[in-house]
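Source file: query14.cif; contents: mmCIF, C-alpha atoms.
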data_data
loop_
_atom_site.label_atom_id
_atom_site.label_comp_id
_atom_site.auth_asym_id
_atom_site.auth_seq_id
_atom_site.Cartn_x
_atom_site.Cartn_y
_atom_site.Cartn_z
CA VAL A 1 112.20 191.53 54.69
CA GLU A 2 109.20 193.59 55.77
CA ALA A 3 105.78 191.97 55.98
CA THR A 4 102.21 192.83 56.81
CA ARG A 5 99.14 190.62 56.92
CA LYS A 6 98.72 190.94 53.13
CA THR A 7 102.15 191.92 51.74
CA ILE A 8 105.79 190.84 51.78
CA THR A 9 108.56 193.27 50.79
CA MET A 10 111.95 191.67 50.13
CA GLU A 11 115.36 193.05 49.20
CA TRP A 12 118.54 191.61 47.68
CA PRO A 13 122.08 192.84 46.97
CA THR A 14 123.39 193.46 43.48
CA PRO A 15 125.54 190.49 42.43
CA PRO A 16 129.16 191.14 41.36
CA GLY A 17 130.25 191.09 37.73
CA LEU A 18 128.67 192.62 34.65
CA PRO A 19 125.77 195.07 35.08
CA ILE A 20 122.40 193.39 35.72
CA LEU A 21 119.82 194.11 33.03
CA ASP A 22 116.81 192.34 34.54
CA TYR A 23 115.72 190.25 37.51
CA GLN A 24 113.13 187.49 37.57
CA LEU A 25 111.49 186.82 40.91
CA TRP A 26 109.96 183.36 41.29
CA PHE A 27 107.52 182.19 43.95
CA ASP A 28 105.34 179.19 44.78
CA ASP A 29 102.03 181.04 45.24
CA GLY A 30 101.76 179.91 48.83
CA GLN A 31 101.97 176.19 48.14
CA ALA A 32 104.91 175.97 50.59
CA GLY A 33 105.77 172.47 49.52
CA GLY A 34 109.04 170.88 48.46
CA GLY A 35 110.52 170.81 45.01
CA GLY A 36 111.19 173.58 42.54
CA ILE A 37 109.40 176.89 42.19
CA THR A 38 107.78 177.38 38.79
CA ALA A 39 105.72 180.62 38.96
CA ILE A 40 107.21 184.01 38.05
CA ALA A 41 106.08 186.70 40.47
CA ALA A 42 107.65 189.60 38.56
CA THR A 43 110.26 190.64 35.98
CA LEU A 44 112.12 193.70 37.27
CA SER A 45 114.63 196.26 36.04
CA GLY A 46 118.27 195.56 36.87
CA SER A 47 118.39 198.80 38.85
CA THR A 48 115.76 197.45 41.27
CA ASN A 49 116.83 195.73 44.52
CA SER A 50 113.47 195.27 46.23
CA TYR A 51 109.97 194.04 45.47
CA ARG A 52 106.65 194.17 47.27
CA LYS A 53 104.33 191.20 46.69
CA GLU A 54 100.74 192.15 47.49
CA THR A 55 97.29 190.53 47.88
CA LEU A 56 98.70 187.61 49.87
CA THR A 57 96.82 185.40 52.32
CA THR A 58 97.42 186.18 55.98
CA GLY A 59 99.43 183.51 57.78
CA VAL A 60 100.51 181.68 54.62
CA THR A 61 104.22 180.99 54.04
CA TYR A 62 105.52 181.84 50.57
CA ARG A 63 108.81 180.68 49.01
CA PHE A 64 110.83 182.93 46.70
CA GLN A 65 113.87 182.71 44.41
CA ILE A 66 115.51 185.34 42.25
CA GLN A 67 117.86 185.31 39.27
CA GLY A 68 119.58 188.06 37.33
CA ARG A 69 120.35 188.59 33.62
CA ASN A 70 123.34 190.38 32.15
CA THR A 71 124.51 190.58 28.54
CA ASN A 72 125.51 186.91 28.67
CA GLY A 73 122.06 185.71 29.69
CA TRP A 74 120.28 184.52 32.81
CA GLY A 75 122.31 183.44 35.81
CA PRO A 76 121.41 180.66 38.26
CA LEU A 77 118.55 180.93 40.69
CA SER A 78 119.30 181.98 44.24
CA GLY A 79 118.59 179.74 47.16
CA ILE A 80 114.98 179.49 48.31
CA ALA A 81 113.87 182.04 50.91
CA SER A 82 110.64 181.55 52.86
CA PHE A 83 108.55 184.40 54.26
CA VAL A 84 105.14 184.54 55.91
CA ALA A 85 102.44 187.15 55.33
CA SER A 86 102.28 188.29 58.94
CA LEU A 87 103.33 191.02 61.31
CA ALA A 88 106.15 190.36 63.77
CA PRO A 89 105.19 188.49 66.97
CA GLY A 90 104.09 190.33 70.08
CA VAL A 91 106.13 190.80 73.23
CA PRO A 92 106.42 187.66 75.41
CA ASN A 93 104.30 187.77 78.56
CA ASN A 94 105.23 187.49 82.24
CA PHE A 95 109.00 187.64 81.88
CA ARG A 96 110.31 186.60 85.30
CA TYR A 97 112.86 184.99 87.57
CA HIS A 98 112.50 181.21 87.54
CA SER A 99 115.26 179.73 89.68
CA SER A 100 118.93 180.13 90.56
CA THR A 101 122.04 178.76 92.23
CA GLU A 102 125.24 180.51 93.26
CA GLN A 103 126.50 180.19 89.65
CA ALA A 104 123.36 180.18 87.53
CA LEU A 105 120.20 182.17 86.82
CA VAL A 106 117.17 180.82 84.97
CA VAL A 107 114.54 183.18 83.51
CA ALA A 108 111.12 182.20 82.20
CA TRP A 109 108.32 183.72 80.15
CA ASP A 110 104.97 182.93 78.58
CA ALA A 111 104.04 183.01 74.89
CA PRO A 112 103.09 186.42 73.47
CA ASP A 113 99.50 187.34 72.75
CA GLU A 114 98.44 186.95 69.12
CA VAL A 115 98.92 190.22 67.23
CA HIS A 116 96.33 189.24 64.62
CA VAL A 117 94.36 186.22 63.47
CA ASN A 118 96.45 183.62 61.58
CA GLU A 119 99.74 185.27 62.49
CA GLY A 120 103.01 183.59 61.56
CA ARG A 121 104.05 181.10 64.20
CA VAL A 122 106.92 181.78 66.57
CA VAL A 123 110.00 179.80 65.46
CA ARG A 124 112.41 180.85 68.22
CA TYR A 125 112.97 183.08 71.23
CA GLU A 126 116.06 185.26 71.71
CA VAL A 127 117.18 186.09 75.24
CA LEU A 128 119.58 189.00 75.57
CA TRP A 129 121.70 189.03 78.74
CA SER A 130 124.70 190.88 80.16
CA ASP A 131 126.65 191.25 83.42
CA GLN A 132 125.85 194.67 84.84
CA SER A 133 128.52 194.37 87.52
CA THR A 134 131.27 194.28 84.87
CA ALA A 135 129.41 196.14 82.08
CA SER A 136 129.96 193.19 79.73
CA ASP A 137 128.75 193.20 76.13
CA PRO A 138 125.28 191.63 75.69
CA GLU A 139 125.10 187.99 74.60
CA THR A 140 122.16 186.14 73.05
CA ILE A 141 120.61 182.79 73.99
CA VAL A 142 118.40 181.22 71.29
CA THR A 143 115.70 178.72 72.29
CA SER A 144 113.09 176.80 70.32
CA PRO A 145 109.43 177.80 70.81
CA ALA A 146 108.90 174.63 72.86
CA PHE A 147 111.14 176.02 75.62
CA LYS A 148 110.23 179.14 77.56
CA THR A 149 113.13 179.14 80.01
CA ALA A 150 116.77 180.05 79.45
CA SER A 151 120.02 180.32 81.37
CA PRO A 152 123.51 181.50 80.40
CA VAL A 153 125.74 178.49 79.70
CA VAL A 154 128.76 180.01 81.47
CA PRO A 155 129.13 180.07 85.28
CA LEU A 156 127.91 183.33 86.79
CA GLN A 157 129.25 185.21 89.80
CA ALA A 158 127.27 185.10 93.04
CA GLY A 159 126.28 188.59 94.12
CA SER A 160 126.63 190.08 90.63
CA THR A 161 123.66 191.71 88.87
CA TYR A 162 122.60 190.47 85.43
CA ARG A 163 120.22 192.04 82.91
CA PHE A 164 117.82 189.96 80.79
CA GLN A 165 115.35 190.65 77.97
CA VAL A 166 113.51 188.27 75.63
CA ARG A 167 111.76 188.60 72.28
CA ALA A 168 109.83 186.27 69.98
CA CYS A 169 110.70 185.71 66.30
CA ASN A 170 108.83 184.31 63.30
CA ILE A 171 110.60 183.32 60.05
CA ASN A 172 110.58 186.94 58.87
CA GLU A 173 111.77 188.93 61.84
CA CYS A 174 111.70 189.37 65.60
CA GLY A 175 109.27 191.39 67.65
CA GLU A 176 110.05 193.86 70.42
CA TYR A 177 112.03 192.93 73.51
CA THR A 178 110.39 192.76 76.91
CA THR A 179 111.29 195.34 79.52
CA ARG A 180 114.63 194.71 81.24
CA LEU A 181 114.78 192.28 84.13
CA HIS A 182 117.65 192.79 86.59
CA LEU A 183 118.54 189.81 88.76
CA VAL A 184 121.22 189.11 91.37
CA CYS A 185 122.89 185.73 90.96
CA GLY A 186 122.77 183.47 93.99
CA ALA A 187 120.78 180.73 95.65
CA LEU A 188 117.71 181.43 97.73
CA PRO A 189 118.65 181.63 101.43
CA GLU A 190 118.19 178.82 103.90
CA ALA A 191 115.37 179.13 106.41
CA PRO A 192 116.19 180.62 109.83
CA SER A 193 116.02 178.56 113.00
CA GLN A 194 112.60 177.78 114.46
CA ALA A 195 111.00 181.00 115.71
CA PHE A 196 110.39 181.27 119.45
CA ALA A 197 108.47 183.58 121.80
CA VAL A 198 110.71 186.17 123.42
CA ALA A 199 107.85 187.82 125.30
CA THR A 200 104.05 187.80 125.27
CA SER A 201 101.26 189.97 126.64
CA SER A 202 97.53 190.30 126.15
CA GLN A 203 98.13 192.58 123.17
CA GLU A 204 101.33 191.45 121.44
CA ILE A 205 103.78 188.64 120.85
CA THR A 206 107.50 189.24 120.40
CA LEU A 207 109.18 186.62 118.22
CA GLY A 208 112.86 185.79 117.96
CA TRP A 209 115.01 183.54 115.77
CA SER A 210 118.62 182.88 114.80
CA TYR A 211 120.53 182.64 111.54
CA VAL A 212 123.77 181.30 112.95
CA GLY A 213 125.25 178.55 110.77
CA LYS A 214 122.72 179.08 107.97
CA ASP A 215 123.44 179.49 104.24
CA ASN A 216 122.53 182.87 102.72
CA GLY A 217 122.86 181.57 99.14
CA GLY A 218 126.06 183.49 98.48
CA VAL A 219 124.29 186.85 98.72
CA PRO A 220 123.95 188.99 101.90
CA LEU A 221 120.52 188.95 103.52
CA SER A 222 118.42 192.09 103.26
CA ARG A 223 115.57 191.36 105.71
CA TYR A 224 113.27 188.72 107.20
CA ASN A 225 109.63 188.21 106.21
CA ILE A 226 107.11 186.99 108.78
CA LYS A 227 103.84 185.22 108.08
CA VAL A 228 101.09 184.43 110.60
CA SER A 229 98.25 181.90 110.83
CA ALA A 230 95.19 182.17 113.08
CA ASP A 231 93.59 178.91 111.90
CA GLY A 232 96.02 176.36 113.25
CA GLY A 233 98.45 176.64 110.32
CA MET A 234 95.92 175.95 107.57
CA SER A 235 96.62 179.29 105.88
CA TYR A 236 99.16 182.07 106.36
CA SER A 237 99.13 185.78 105.62
CA ASP A 238 101.81 188.47 105.69
CA ALA A 239 102.49 189.81 109.17
CA GLY A 240 105.34 192.11 108.20
CA SER A 241 109.08 192.36 107.65
CA THR A 242 112.10 193.46 109.62
CA ALA A 243 113.83 196.72 108.74
CA ASP A 244 116.98 194.84 107.74
CA ALA A 245 118.81 191.56 108.29
CA SER A 246 120.43 192.74 111.54
CA VAL A 247 117.01 192.61 113.24
CA GLN A 248 116.13 189.08 114.39
CA SER A 249 112.96 189.81 116.32
CA PHE A 250 109.44 190.92 115.46
CA VAL A 251 106.52 192.30 117.47
CA TYR A 252 103.07 191.13 116.38
CA SER A 253 99.96 192.87 117.72
CA CYS A 254 97.22 190.44 118.64
CA GLY A 255 94.12 189.88 120.75
CA ALA A 256 94.05 188.04 124.05
CA GLN A 257 93.31 184.30 124.28
CA GLN A 258 94.18 183.59 120.67
CA THR A 259 96.67 181.06 119.31
CA PHE A 260 98.91 182.01 116.42
CA PHE A 261 101.40 180.14 114.27
CA PHE A 262 104.35 181.96 112.71
CA ARG A 263 106.79 181.38 109.88
CA VAL A 264 109.97 183.38 109.29
CA ALA A 265 111.81 183.49 105.94
CA ALA A 266 115.21 184.99 105.21
CA VAL A 267 115.36 187.28 102.16
CA ASN A 268 118.33 188.18 99.97
CA ASP A 269 118.27 190.10 96.70
CA VAL A 270 118.05 186.97 94.52
CA GLY A 271 115.00 186.86 92.26
CA GLY A 272 114.31 190.59 92.23
CA ALA A 273 110.70 191.67 92.50
CA THR A 274 109.50 188.40 90.96
CA GLY A 275 111.63 186.05 93.10
#
Can I see the file as structure tokens?
Amino acid sequence: VEATRKTITMEWPTPPGLPILDYQLWFDDGQAGGGGITAIAATLSGSTNSYRKETLTTGVTYRFQIQGRNTNGWGPLSGIASFVASLAPGVPNNFRYHSSTEQALVVAWDAPDEVHVNEGRVVRYEVLWSDQSTASDPETIVTSPAFKTASPVVPLQAGSTYRFQVRACNINECGEYTTRLHLVCGALPEAPSQAFAVATSSQEITLGWSYVGKDNGGVPLSRYNIKVSADGGMSYSDAGSTADASVQSFVYSCGAQQTFFFRVAAVNDVGGATG
């Protein structure tokens, strides 16, 4: 099916058997209720396999049935198909890392922006994912519109990279996928030991810490991030990062006769840019 805000174009295959002489297309004129459909939308040539219904009301769901006629008469009606006069949904917003363990990754997103007034509602989300470390075939996770998180149901491999995309679907069709999100599976790393002063002067403080006996979440560390507070720990700002995880010290430039509080966090590749 192809739809716009005012039209719905539908197609159907030619049924087997004797040649089709005519088709009758039935619809409910947007009543969208239960029961049978009694209005004929069009009578079409048997060589036709598509029909465009125009002058529809944006956002309204229409139900259709079709039947064919051969030399023996009219055949039974098809099952009821429902379509909405609406464009496909927009791209979901803020597709991101949500959480993880050493065997699981959870992604999250926000609802797409409305593509037009009275658009067809989203009925599901489809999350496409694959293991980039093994070049596996993509698999699809389907969620209801009430849920905006998803995770593969199979155990994942810590340290492996996985690719995710998500799109929104109405009853007609699905919209475009988000850009690809590449995530490394693993848990977030444990905090380092309490930082301590290695050396101080009137112009700088050298911090040190240890990661012995700590859990890196199943993924090698890449660096340490340092935050600093000059208001007694009420608020912290970025002080900097180490060049890599082998460096377990940090020099902070400061003024004399000031008291600073520091926090050090271990960083692995879990979560990507949004982790």
| field | Top pick for closest residue to Ile80 (chain A), considering A:Tyr51, A:Tyr252, A:Trp109, A:Phe27 and counting all atoms listed in the file | value |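 Distance minimum relative to Ile80 (chain A) lands on A:Phe27.
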| query | Care to translate the PyMOL selection byres ((chain A and resi 257) around 12) into actual residues of this file, as a list of chain:residue names? | reply |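 Matching residues under the PyMOL selection byres ((chain A and resi 257) around 12) are A:Thr200, A:Ser201, A:Ser202, A:Gln203, A:Glu204, A:Ile205, A:Ala230, A:Cys254, A:Gly255, A:Ala256, A:Gln258, A:Thr259, A:Phe260.
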| field | Point-to-point distance in Å for CA of Ala150 (chain A) and CA of His98 (chain A) | value |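 Pair CA of His98 (chain A) / CA of Ala150 (chain A) returns 9.2 Å.
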| Atom-to-atom span, CA of Pro192 (chain A) and CA of Pro155 (chain A), Å |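 Calculated distance between CA of Pro192 (chain A) and CA of Pro155 (chain A) is 27.8 Å.
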| remark: note - CA of Val127 (chain A) and CA of Arg5 (chain A) are separated by 26.1 Å
| query | Which is closer to Phe196 (chain A) than all the others in A:Val270, A:Ile141, A:Val264, A:Val123, using only C-alpha atoms? | reply | A:Val264
| Can you tell me, as a PyMOL selection string, what residues are no more than 10 Å from region 166-180 of chain A when counting only C-alpha atoms, ignoring any on the same chain fewer than 6 positions away? | chain A and resi 1-3+8+61+81-95+107-109+111-112+119-129+140-143+145+148+150
| task | Report as a list in words the residues that result from applying the PyMOL selection byres ((chain A and resi 206) around 6) to the structure here. | result | Ala197, Val198, Ala199, Ile205, Leu207, Phe250 and Val251 of chain A
Taking every listed atom of region 211-223 of chain A and adding 8 Å to each side, what centre and edge lengths in Å (one decimal) does the axis-aligned box have, as lines of an AutoDock Vina configuration file?
center_x = 120.8
center_y = 185.3
center_z = 105.7
size_x = 26.5
size_y = 29.5
size_z = 30.5
Let me know the residues the PyMOL selection byres ((chain A and resi 218-222) around 8) catches in the file above, as an mmCIF file with C-alpha atoms, in the coordinates of the input.
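Saved the output as result_1.cif:
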data_model
loop_
_atom_site.group_PDB
_atom_site.id
_atom_site.type_symbol
_atom_site.label_atom_id
_atom_site.label_comp_id
_atom_site.auth_asym_id
_atom_site.auth_seq_id
_atom_site.Cartn_x
_atom_site.Cartn_y
_atom_site.Cartn_z
ATOM 1 C CA GLU A 102 125.240 180.510 93.260
ATOM 2 C CA ALA A 158 127.270 185.100 93.040
ATOM 3 C CA GLY A 159 126.280 188.590 94.120
ATOM 4 C CA CYS A 185 122.890 185.730 90.960
ATOM 5 C CA GLY A 186 122.770 183.470 93.990
ATOM 6 C CA ALA A 187 120.780 180.730 95.650
ATOM 7 C CA PRO A 189 118.650 181.630 101.430
ATOM 8 C CA ASP A 215 123.440 179.490 104.240
ATOM 9 C CA ASN A 216 122.530 182.870 102.720
ATOM 10 C CA GLY A 217 122.860 181.570 99.140
ATOM 11 C CA ARG A 223 115.570 191.360 105.710
ATOM 12 C CA TYR A 224 113.270 188.720 107.200
ATOM 13 C CA ASP A 244 116.980 194.840 107.740
ATOM 14 C CA ALA A 245 118.810 191.560 108.290
ATOM 15 C CA ALA A 266 115.210 184.990 105.210
ATOM 16 C CA VAL A 267 115.360 187.280 102.160
ATOM 17 C CA ASN A 268 118.330 188.180 99.970
ATOM 18 C CA ASP A 269 118.270 190.100 96.700
ATOM 19 C CA VAL A 270 118.050 186.970 94.520
#
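Considering the residues A:Gly59, A:Ser47, A:Phe64, A:Val106 and counting only C-alpha atoms, Met10 (chain A) has its shortest atom-to-atom contact with A:Phe64.
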| said: Just checking: using all atoms listed in the file, which residue out of A:Pro15, A:Ile226, A:Glu139, A:Leu56 ends up closest to Asp28 (chain A)? | reply: A:Leu56
| request: List the neighbours of Asn225 (chain A) out to 9 Å using only C-alpha atoms; skip same-chain residues closer than 4 positions along the sequence, and give me the result as a PyMOL selection string. | output: chain A and resi 238-242+263-267
Could you take the residues named above and write them with C-alpha atoms, as a PDB file, keeping the file's coordinate frame?
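What follows is the written file result_20.pdb:
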ATOM      1  CA  ASP A 238     101.810 188.470 105.690  1.00  0.00           C
ATOM      2  CA  ALA A 239     102.490 189.810 109.170  1.00  0.00           C
ATOM      3  CA  GLY A 240     105.340 192.110 108.200  1.00  0.00           C
ATOM      4  CA  SER A 241     109.080 192.360 107.650  1.00  0.00           C
ATOM      5  CA  THR A 242     112.100 193.460 109.620  1.00  0.00           C
ATOM      6  CA  ARG A 263     106.790 181.380 109.880  1.00  0.00           C
ATOM      7  CA  VAL A 264     109.970 183.380 109.290  1.00  0.00           C
ATOM      8  CA  ALA A 265     111.810 183.490 105.940  1.00  0.00           C
ATOM      9  CA  ALA A 266     115.210 184.990 105.210  1.00  0.00           C
ATOM     10  CA  VAL A 267     115.360 187.280 102.160  1.00  0.00           C
TER      11      VAL A 267
END
Interface rows for region 4-31 of chain A against region 67-73 of chain A: nearest pair, Å to one decimal, 8 Å, only C-alpha atoms, as JSON lines:
{"residue": "A:Leu18", "atom": "CA", "partner": "A:Asn70", "partner_atom": "CA", "distance": 6.3}
{"residue": "A:Pro19", "atom": "CA", "partner": "A:Asn70", "partner_atom": "CA", "distance": 6.0}
{"residue": "A:Ile20", "atom": "CA", "partner": "A:Asn70", "partner_atom": "CA", "distance": 4.8}
{"residue": "A:Leu21", "atom": "CA", "partner": "A:Asn70", "partner_atom": "CA", "distance": 5.2}
{"residue": "A:Asp22", "atom": "CA", "partner": "A:Arg69", "partner_atom": "CA", "distance": 5.2}
{"residue": "A:Tyr23", "atom": "CA", "partner": "A:Gly68", "partner_atom": "CA", "distance": 4.4}
{"residue": "A:Gln24", "atom": "CA", "partner": "A:Gln67", "partner_atom": "CA", "distance": 5.5}
{"residue": "A:Leu25", "atom": "CA", "partner": "A:Gln67", "partner_atom": "CA", "distance": 6.7}
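Ranking A:Phe147, A:Tyr236, A:Trp26, A:Trp209 by their shortest atom-to-atom distance to Arg63 (chain A), with all atoms listed in the file included, puts A:Trp26 first.
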Which residues are close to Ser235 (chain A), i.e. within 12 Å by all atoms listed in the file, leaving aside same-chain residues fewer than 6 positions away? Reply as a PDB file with C-alpha atoms, in the coordinates of the input.
ATOM      1  CA  LYS A 227     103.840 185.220 108.080  1.00  0.00           C
ATOM      2  CA  VAL A 228     101.090 184.430 110.600  1.00  0.00           C
ATOM      3  CA  SER A 229      98.250 181.900 110.830  1.00  0.00           C
ATOM      4  CA  PHE A 260      98.910 182.010 116.420  1.00  0.00           C
ATOM      5  CA  PHE A 261     101.400 180.140 114.270  1.00  0.00           C
ATOM      6  CA  PHE A 262     104.350 181.960 112.710  1.00  0.00           C
ATOM      7  CA  ARG A 263     106.790 181.380 109.880  1.00  0.00           C
TER       8      ARG A 263
END
Please, could N, CA and C atoms be added to region 124-143 of chain A and the result written as a compact mmCIF listing (two decimals), in the frame of the given file?
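Generated file (out.txt):
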# COMPACT_ATOMS: atom_id res chain seq x y z
N ARG A 124 111.35 180.83 67.22
CA ARG A 124 112.41 180.85 68.22
C ARG A 124 112.21 182.03 69.17
N TYR A 125 112.87 181.95 70.31
CA TYR A 125 112.97 183.08 71.23
C TYR A 125 114.44 183.47 71.36
N GLU A 126 114.70 184.75 71.51
CA GLU A 126 116.06 185.26 71.71
C GLU A 126 116.12 185.99 73.04
N VAL A 127 117.00 185.50 73.92
CA VAL A 127 117.18 186.09 75.24
C VAL A 127 118.49 186.86 75.26
N LEU A 128 118.41 188.15 75.50
CA LEU A 128 119.58 189.00 75.57
C LEU A 128 119.99 189.14 77.04
N TRP A 129 121.26 188.90 77.35
CA TRP A 129 121.70 189.03 78.74
C TRP A 129 123.09 189.65 78.82
N SER A 130 123.38 190.29 79.95
CA SER A 130 124.70 190.88 80.16
C SER A 130 124.95 191.01 81.66
N ASP A 131 126.21 191.09 82.02
CA ASP A 131 126.65 191.25 83.42
C ASP A 131 126.74 192.74 83.70
N GLN A 132 125.85 193.25 84.53
CA GLN A 132 125.85 194.67 84.84
C GLN A 132 126.95 195.05 85.82
N SER A 133 127.45 194.08 86.56
CA SER A 133 128.52 194.37 87.52
C SER A 133 129.84 194.65 86.82
N THR A 134 130.04 194.06 85.63
CA THR A 134 131.27 194.28 84.87
C THR A 134 131.03 195.03 83.57
N ALA A 135 129.78 195.42 83.32
CA ALA A 135 129.41 196.14 82.08
C ALA A 135 129.84 195.35 80.85
N SER A 136 129.58 194.05 80.85
CA SER A 136 129.96 193.19 79.73
C SER A 136 129.07 193.46 78.52
N ASP A 137 129.55 193.08 77.34
CA ASP A 137 128.75 193.20 76.13
C ASP A 137 127.59 192.20 76.19
N PRO A 138 126.43 192.56 75.67
CA PRO A 138 125.28 191.63 75.69
C PRO A 138 125.56 190.38 74.86
N GLU A 139 125.04 189.26 75.32
CA GLU A 139 125.10 187.99 74.60
C GLU A 139 123.67 187.49 74.39
N THR A 140 123.50 186.61 73.41
CA THR A 140 122.16 186.14 73.05
C THR A 140 122.05 184.63 73.23
N ILE A 141 120.97 184.21 73.87
CA ILE A 141 120.61 182.79 73.99
C ILE A 141 119.42 182.56 73.07
N VAL A 142 119.50 181.54 72.21
CA VAL A 142 118.40 181.22 71.29
C VAL A 142 117.75 179.92 71.75
N THR A 143 116.42 179.93 71.90
CA THR A 143 115.70 178.72 72.29
C THR A 143 114.60 178.43 71.27
